[in-house]
file coords37.pdb (PDB, N, CA and C atoms and all ligand atoms)
ATOM      1  N   MET I 215      91.403  92.486 101.647
ATOM      2  CA  MET I 215      92.754  92.760 101.164
ATOM      3  C   MET I 215      93.439  91.455 100.772
ATOM      4  N   LEU I 216      93.458  90.526 101.725
ATOM      5  CA  LEU I 216      94.148  89.273 101.502
ATOM      6  C   LEU I 216      93.476  88.478 100.399
ATOM      7  N   SER I 217      92.143  88.478 100.401
ATOM      8  CA  SER I 217      91.416  87.702  99.417
ATOM      9  C   SER I 217      91.659  88.260  98.018
ATOM     10  N   SER I 218      91.742  89.571  97.877
ATOM     11  CA  SER I 218      91.967  90.172  96.565
ATOM     12  C   SER I 218      93.366  89.829  96.065
ATOM     13  N   MET I 219      94.321  89.769  96.970
ATOM     14  CA  MET I 219      95.682  89.425  96.580
ATOM     15  C   MET I 219      95.743  87.980  96.112
ATOM     16  N   GLU I 220      95.033  87.131  96.790
ATOM     17  CA  GLU I 220      95.011  85.728  96.420
ATOM     18  C   GLU I 220      94.341  85.557  95.061
ATOM     19  N   ALA I 221      93.304  86.327  94.830
ATOM     20  CA  ALA I 221      92.610  86.245  93.555
ATOM     21  C   ALA I 221      93.525  86.720  92.431
ATOM     22  N   GLY I 222      94.386  87.669  92.721
ATOM     23  CA  GLY I 222      95.288  88.194  91.703
ATOM     24  C   GLY I 222      96.311  87.171  91.258
ATOM     25  N   GLU I 223      96.495  86.138  92.036
ATOM     26  CA  GLU I 223      97.459  85.108  91.660
ATOM     27  C   GLU I 223      96.955  84.273  90.502
ATOM     28  N   SER I 224      95.657  84.315  90.294
ATOM     29  CA  SER I 224      95.087  83.566  89.176
ATOM     30  C   SER I 224      95.056  84.448  87.937
ATOM     31  N   LEU I 225      95.630  83.958  86.859
ATOM     32  CA  LEU I 225      95.648  84.751  85.628
ATOM     33  C   LEU I 225      94.237  84.990  85.130
ATOM     34  N   ASN I 226      93.394  83.973  85.204
ATOM     35  CA  ASN I 226      92.028  84.103  84.718
ATOM     36  C   ASN I 226      91.288  85.173  85.505
ATOM     37  N   LEU I 227      91.390  85.100  86.816
ATOM     38  CA  LEU I 227      90.688  86.064  87.647
ATOM     39  C   LEU I 227      91.258  87.459  87.427
ATOM     40  N   SER I 228      92.574  87.521  87.285
ATOM     41  CA  SER I 228      93.219  88.815  87.100
ATOM     42  C   SER I 228      92.742  89.455  85.798
ATOM     43  N   TYR I 229      92.682  88.641  84.750
ATOM     44  CA  TYR I 229      92.252  89.157  83.451
ATOM     45  C   TYR I 229      90.784  89.565  83.496
ATOM     46  N   ALA I 230      89.986  88.746  84.162
ATOM     47  CA  ALA I 230      88.566  89.021  84.246
ATOM     48  C   ALA I 230      88.322  90.317  85.017
ATOM     49  N   SER I 231      89.043  90.480  86.100
ATOM     50  CA  SER I 231      88.849  91.670  86.914
ATOM     51  C   SER I 231      89.293  92.912  86.147
ATOM     52  N   LEU I 232      90.289  92.720  85.289
ATOM     53  CA  LEU I 232      90.790  93.855  84.520
ATOM     54  C   LEU I 232      89.711  94.371  83.576
ATOM     55  N   SER I 233      89.022  93.446  82.893
ATOM     56  CA  SER I 233      87.987  93.855  81.956
ATOM     57  C   SER I 233      86.825  94.497  82.717
ATOM     58  N   ILE I 234      86.577  94.009  83.906
ATOM     59  CA  ILE I 234      85.512  94.587  84.714
ATOM     60  C   ILE I 234      85.887  96.003  85.134
ATOM     61  N   LEU I 235      87.132  96.160  85.494
ATOM     62  CA  LEU I 235      87.592  97.450  85.967
ATOM     63  C   LEU I 235      87.533  98.499  84.854
ATOM     64  N   GLU I 236      87.634  98.038  83.607
ATOM     65  CA  GLU I 236      87.590  98.989  82.502
ATOM     66  C   GLU I 236      86.234  99.677  82.419
ATOM     67  N   ASN I 237      85.221  99.019  82.943
ATOM     68  CA  ASN I 237      83.890  99.602  82.930
ATOM     69  C   ASN I 237      83.577 100.277  84.258
ATOM     70  N   ASP I 238      84.604 100.533  84.994
ATOM     71  CA  ASP I 238      84.387 101.076  86.334
ATOM     72  C   ASP I 238      85.444 102.138  86.605
ATOM     73  N   ASP I 239      85.154 102.972  87.561
ATOM     74  CA  ASP I 239      86.124 103.983  87.944
ATOM     75  C   ASP I 239      87.370 103.365  88.558
ATOM     76  N   LYS I 240      87.218 102.097  88.929
ATOM     77  CA  LYS I 240      88.338 101.438  89.598
ATOM     78  C   LYS I 240      89.530 101.283  88.675
ATOM     79  N   LEU I 241      89.291 101.344  87.373
ATOM     80  CA  LEU I 241      90.410 101.263  86.440
ATOM     81  C   LEU I 241      91.326 102.453  86.663
ATOM     82  N   TRP I 242      90.727 103.598  86.862
ATOM     83  CA  TRP I 242      91.509 104.815  87.112
ATOM     84  C   TRP I 242      92.318 104.660  88.384
ATOM     85  N   VAL I 243      91.679 104.072  89.380
ATOM     86  CA  VAL I 243      92.370 103.870  90.646
ATOM     87  C   VAL I 243      93.523 102.907  90.462
ATOM     88  N   GLY I 244      93.254 101.853  89.697
ATOM     89  CA  GLY I 244      94.277 100.835  89.512
ATOM     90  C   GLY I 244      95.489 101.386  88.774
ATOM     91  N   VAL I 245      95.252 102.247  87.802
ATOM     92  CA  VAL I 245      96.345 102.795  87.011
ATOM     93  C   VAL I 245      97.177 103.764  87.836
ATOM     94  N   THR I 246      96.497 104.660  88.506
ATOM     95  CA  THR I 246      97.218 105.690  89.234
ATOM     96  C   THR I 246      97.824 105.145  90.517
ATOM     97  N   ARG I 247      97.296 104.035  90.953
ATOM     98  CA  ARG I 247      97.776 103.481  92.206
ATOM     99  C   ARG I 247      99.263 103.152  92.130
ATOM    100  N   ALA I 248      99.703 102.763  90.941
ATOM    101  CA  ALA I 248     101.105 102.370  90.789
ATOM    102  C   ALA I 248     101.994 103.592  90.629
ATOM    103  N   ASP I 249     101.396 104.745  90.566
ATOM    104  CA  ASP I 249     102.160 105.949  90.271
ATOM    105  C   ASP I 249     102.347 106.813  91.509
ATOM    106  N   GLY I 250     102.269 106.207  92.670
ATOM    107  CA  GLY I 250     102.496 106.975  93.881
ATOM    108  C   GLY I 250     101.515 106.616  94.968
ATOM    109  N   SER I 251     101.428 107.487  95.946
ATOM    110  CA  SER I 251     100.528 107.255  97.058
ATOM    111  C   SER I 251      99.341 108.195  96.953
ATOM    112  N   LYS I 252      98.303 107.859  97.689
ATOM    113  CA  LYS I 252      97.095 108.665  97.619
ATOM    114  C   LYS I 252      97.225 109.903  98.478
ATOM    115  N   CYS I 253      96.919 111.025  97.889
ATOM    116  CA  CYS I 253      96.926 112.272  98.636
ATOM    117  C   CYS I 253      95.764 112.277  99.621
ATOM    118  N   ASP I 254      96.051 112.695 100.824
ATOM    119  CA  ASP I 254      95.032 112.651 101.859
ATOM    120  C   ASP I 254      94.005 113.759 101.676
ATOM    121  N   ARG I 255      94.321 114.734 100.844
ATOM    122  CA  ARG I 255      93.459 115.908 100.696
ATOM    123  C   ARG I 255      92.562 115.807  99.456
ATOM    124  N   CYS I 256      93.150 115.453  98.334
ATOM    125  CA  CYS I 256      92.363 115.414  97.090
ATOM    126  C   CYS I 256      92.156 113.986  96.590
ATOM    127  N   TRP I 257      92.767 113.033  97.267
ATOM    128  CA  TRP I 257      92.618 111.619  96.930
ATOM    129  C   TRP I 257      93.175 111.278  95.558
ATOM    130  N   ASN I 258      93.987 112.149  95.018
ATOM    131  CA  ASN I 258      94.677 111.800  93.788
ATOM    132  C   ASN I 258      95.975 111.096  94.137
ATOM    133  N   TYR I 259      96.424 110.258  93.259
ATOM    134  CA  TYR I 259      97.668 109.550  93.504
ATOM    135  C   TYR I 259      98.827 110.311  92.873
ATOM    136  N   SER I 260      99.858 110.484  93.643
ATOM    137  CA  SER I 260     101.016 111.202  93.141
ATOM    138  C   SER I 260     102.279 110.656  93.780
ATOM    139  N   PRO I 261     103.348 110.559  92.983
ATOM    140  CA  PRO I 261     104.627 110.100  93.544
ATOM    141  C   PRO I 261     105.197 111.103  94.536
ATOM    142  N   ALA I 262     104.630 112.310  94.559
ATOM    143  CA  ALA I 262     105.130 113.334  95.471
ATOM    144  C   ALA I 262     104.609 113.131  96.889
ATOM    145  N   VAL I 263     103.534 112.331  96.999
ATOM    146  CA  VAL I 263     102.968 112.091  98.328
ATOM    147  C   VAL I 263     103.985 111.338  99.177
ATOM    148  N   GLY I 264     104.267 111.914 100.339
ATOM    149  CA  GLY I 264     105.218 111.280 101.235
ATOM    150  C   GLY I 264     106.606 111.883 101.129
ATOM    151  N   THR I 265     106.799 112.749 100.133
ATOM    152  CA  THR I 265     108.126 113.334  99.940
ATOM    153  C   THR I 265     108.159 114.802 100.366
ATOM    154  N   LEU I 266     106.990 115.373 100.636
ATOM    155  CA  LEU I 266     106.936 116.791 100.944
ATOM    156  C   LEU I 266     107.057 117.007 102.445
ATOM    157  N   GLU I 267     108.047 117.771 102.798
ATOM    158  CA  GLU I 267     108.342 117.995 104.205
ATOM    159  C   GLU I 267     107.203 118.752 104.887
ATOM    160  N   GLY I 268     106.774 118.224 105.990
ATOM    161  CA  GLY I 268     105.710 118.866 106.758
ATOM    162  C   GLY I 268     104.325 118.413 106.352
ATOM    163  N   HIS I 269     104.213 117.872 105.132
ATOM    164  CA  HIS I 269     102.903 117.422 104.653
ATOM    165  C   HIS I 269     103.060 116.080 103.941
ATOM    166  N   PRO I 270     103.404 115.067 104.689
ATOM    167  CA  PRO I 270     103.684 113.750 104.095
ATOM    168  C   PRO I 270     102.471 113.086 103.485
ATOM    169  N   CYS I 271     101.287 113.612 103.758
ATOM    170  CA  CYS I 271     100.069 112.989 103.236
ATOM    171  C   CYS I 271      99.506 113.751 102.047
ATOM    172  N   LEU I 272     100.221 114.784 101.588
ATOM    173  CA  LEU I 272      99.687 115.605 100.509
ATOM    174  C   LEU I 272     100.492 115.445  99.229
ATOM    175  N   CYS I 273      99.814 115.660  98.090
ATOM    176  CA  CYS I 273     100.507 115.675  96.816
ATOM    177  C   CYS I 273     101.107 117.067  96.613
ATOM    178  N   GLU I 274     101.855 117.218  95.528
ATOM    179  CA  GLU I 274     102.553 118.485  95.325
ATOM    180  C   GLU I 274     101.579 119.636  95.092
ATOM    181  N   ARG I 275     100.435 119.319  94.481
ATOM    182  CA  ARG I 275      99.458 120.376  94.203
ATOM    183  C   ARG I 275      98.828 120.869  95.504
ATOM    184  N   CYS I 276      98.400 119.932  96.327
ATOM    185  CA  CYS I 276      97.788 120.319  97.588
ATOM    186  C   CYS I 276      98.827 120.966  98.495
ATOM    187  N   TYR I 277     100.041 120.509  98.384
ATOM    188  CA  TYR I 277     101.114 121.079  99.199
ATOM    189  C   TYR I 277     101.260 122.560  98.875
ATOM    190  N   SER I 278     101.267 122.879  97.570
ATOM    191  CA  SER I 278     101.419 124.280  97.181
ATOM    192  C   SER I 278     100.210 125.092  97.609
ATOM    193  N   VAL I 279      99.044 124.479  97.530
ATOM    194  CA  VAL I 279      97.830 125.183  97.953
ATOM    195  C   VAL I 279      97.874 125.473  99.450
ATOM    196  N   VAL I 280      98.276 124.473 100.200
ATOM    197  CA  VAL I 280      98.292 124.612 101.652
ATOM    198  C   VAL I 280      99.357 125.611 102.094
ATOM    199  N   THR I 281     100.506 125.550 101.453
ATOM    200  CA  THR I 281     101.598 126.421 101.875
ATOM    201  C   THR I 281     101.392 127.846 101.398
ATOM    202  N   LEU I 282     100.763 128.010 100.225
ATOM    203  CA  LEU I 282     100.531 129.355  99.703
ATOM    204  C   LEU I 282      99.308 129.992 100.351
ATOM    205  N   ASN I 283      98.355 129.154 100.682
ATOM    206  CA  ASN I 283      97.128 129.657 101.296
ATOM    207  C   ASN I 283      96.902 128.983 102.640
ATOM    208  N   PRO I 284      97.497 129.527 103.655
ATOM    209  CA  PRO I 284      97.302 128.954 104.990
ATOM    210  C   PRO I 284      95.821 128.918 105.352
ATOM    211  N   VAL I 285      95.513 128.022 106.231
ATOM    212  CA  VAL I 285      94.108 127.852 106.627
ATOM    213  C   VAL I 285      93.531 129.200 107.058
ATOM    214  N   GLN I 286      92.501 129.573 106.363
ATOM    215  CA  GLN I 286      91.869 130.850 106.679
ATOM    216  C   GLN I 286      90.884 130.657 107.822
ATOM    217  N   LYS I 287      91.100 131.445 108.811
ATOM    218  CA  LYS I 287      90.188 131.372 109.958
ATOM    219  C   LYS I 287      89.037 132.340 109.747
ATOM    220  N   THR I 288      87.880 131.790 109.684
ATOM    221  CA  THR I 288      86.711 132.643 109.499
ATOM    222  C   THR I 288      86.436 133.430 110.765
ATOM    223  N   PRO I 289      86.528 134.750 110.639
ATOM    224  CA  PRO I 289      86.272 135.574 111.828
ATOM    225  C   PRO I 289      84.844 135.371 112.329
ATOM    226  N   VAL I 290      84.757 135.198 113.587
ATOM    227  CA  VAL I 290      83.438 134.978 114.187
ATOM    228  C   VAL I 290      82.872 136.327 114.624
ATOM    229  N   ALA I 291      81.798 136.681 114.009
ATOM    230  CA  ALA I 291      81.162 137.939 114.387
ATOM    231  C   ALA I 291      80.330 137.751 115.659
ATOM    232  N   VAL I 292      80.740 138.467 116.667
ATOM    233  CA  VAL I 292      79.999 138.350 117.937
ATOM    234  C   VAL I 292      79.298 139.666 118.208
TER
HETATM  235 ZN    ZN I 301      96.384 116.412  96.720
END

call {"tool": "encode", "arguments": {"input": "coords37.pdb", "output": "C-alpha cells"}}
result
Amino acid sequence: MLSSMEAGESLNLSYASLSILENDDKLWVGVTRADGSKCDRCWNYSPAVGTLEGHPCLCERCYSVVTLNPVQKTPVAV
C-alpha cells in the first residue's frame, strides 16, 4: 500500500503504470475506484456503498436484491 503510494508520487512511474493498467483489468478497478466504495457482495464500486441503511457494505443493486429477496433457507429434507 505504502510503496504504491510512494510510486504514485513520481510522474514517470504514474504514467508508466497507467499504460500498463490499460492492458489489464486493473484499469477498470482504477476507474471505478474513484466512483465509490467496493460492494462487499458483487465487488462492484458504487457511490451508494456505505449509504444504505442496514447494508453499509452493499451497493444499491445488491441492496435491492437482498431486501426484495431475503435469504432463502433451503428446507432440509429429513
Ligand atoms: Zn453489489

call {"tool": "resolve_selection", "arguments": {"input": "coords37.pdb", "expression": "the PyMOL selection byres (((not hetatm)) within 8 of (chain I and resi 301))", "output": "list in words"}}
result
Lys252, Cys253, Asp254, Arg255, Cys256, Trp257, Asn258, Tyr259, Ser260, Cys271, Leu272, Cys273, Glu274, Arg275, Cys276 and Tyr277 of chain I

call {"tool": "atom_distance", "arguments": {"input": "coords37.pdb", "atom1": "CA of Leu266 (chain I)", "atom2": "atom C of Lys287 (chain I)"}}
result
25.3 Å

call {"tool": "resolve_selection", "arguments": {"input": "coords37.pdb", "expression": "the PyMOL selection byres (((chain I and resi 261 and name CA) around 8) and not hetatm and name CA)", "output": "list in words"}}
result
Asp249, Gly250, Ser251, Tyr259, Ser260, Ala262, Val263, Gly264, Thr265 and Cys273 of chain I

call {"tool": "atom_distance", "arguments": {"input": "coords37.pdb", "atom1": "atom N of Thr288 (chain I)", "atom2": "atom C of Gly268 (chain I)"}}
result
21.5 Å

call {"tool": "atom_distance", "arguments": {"input": "coords37.pdb", "atom1": "atom C of Leu282 (chain I)", "atom2": "CA of Pro270 (chain I)"}}
result
17.2 Å

call {"tool": "axis_aligned_box", "arguments": {"input": "coords37.pdb", "around": "region 247-265 of chain I", "padding_each_side": "3 Å", "output": "JSON"}}
result
{"center_x": 100.2, "center_y": 109.1, "center_z": 96.1, "size_x": 22.0, "size_y": 19.5, "size_z": 17.6}
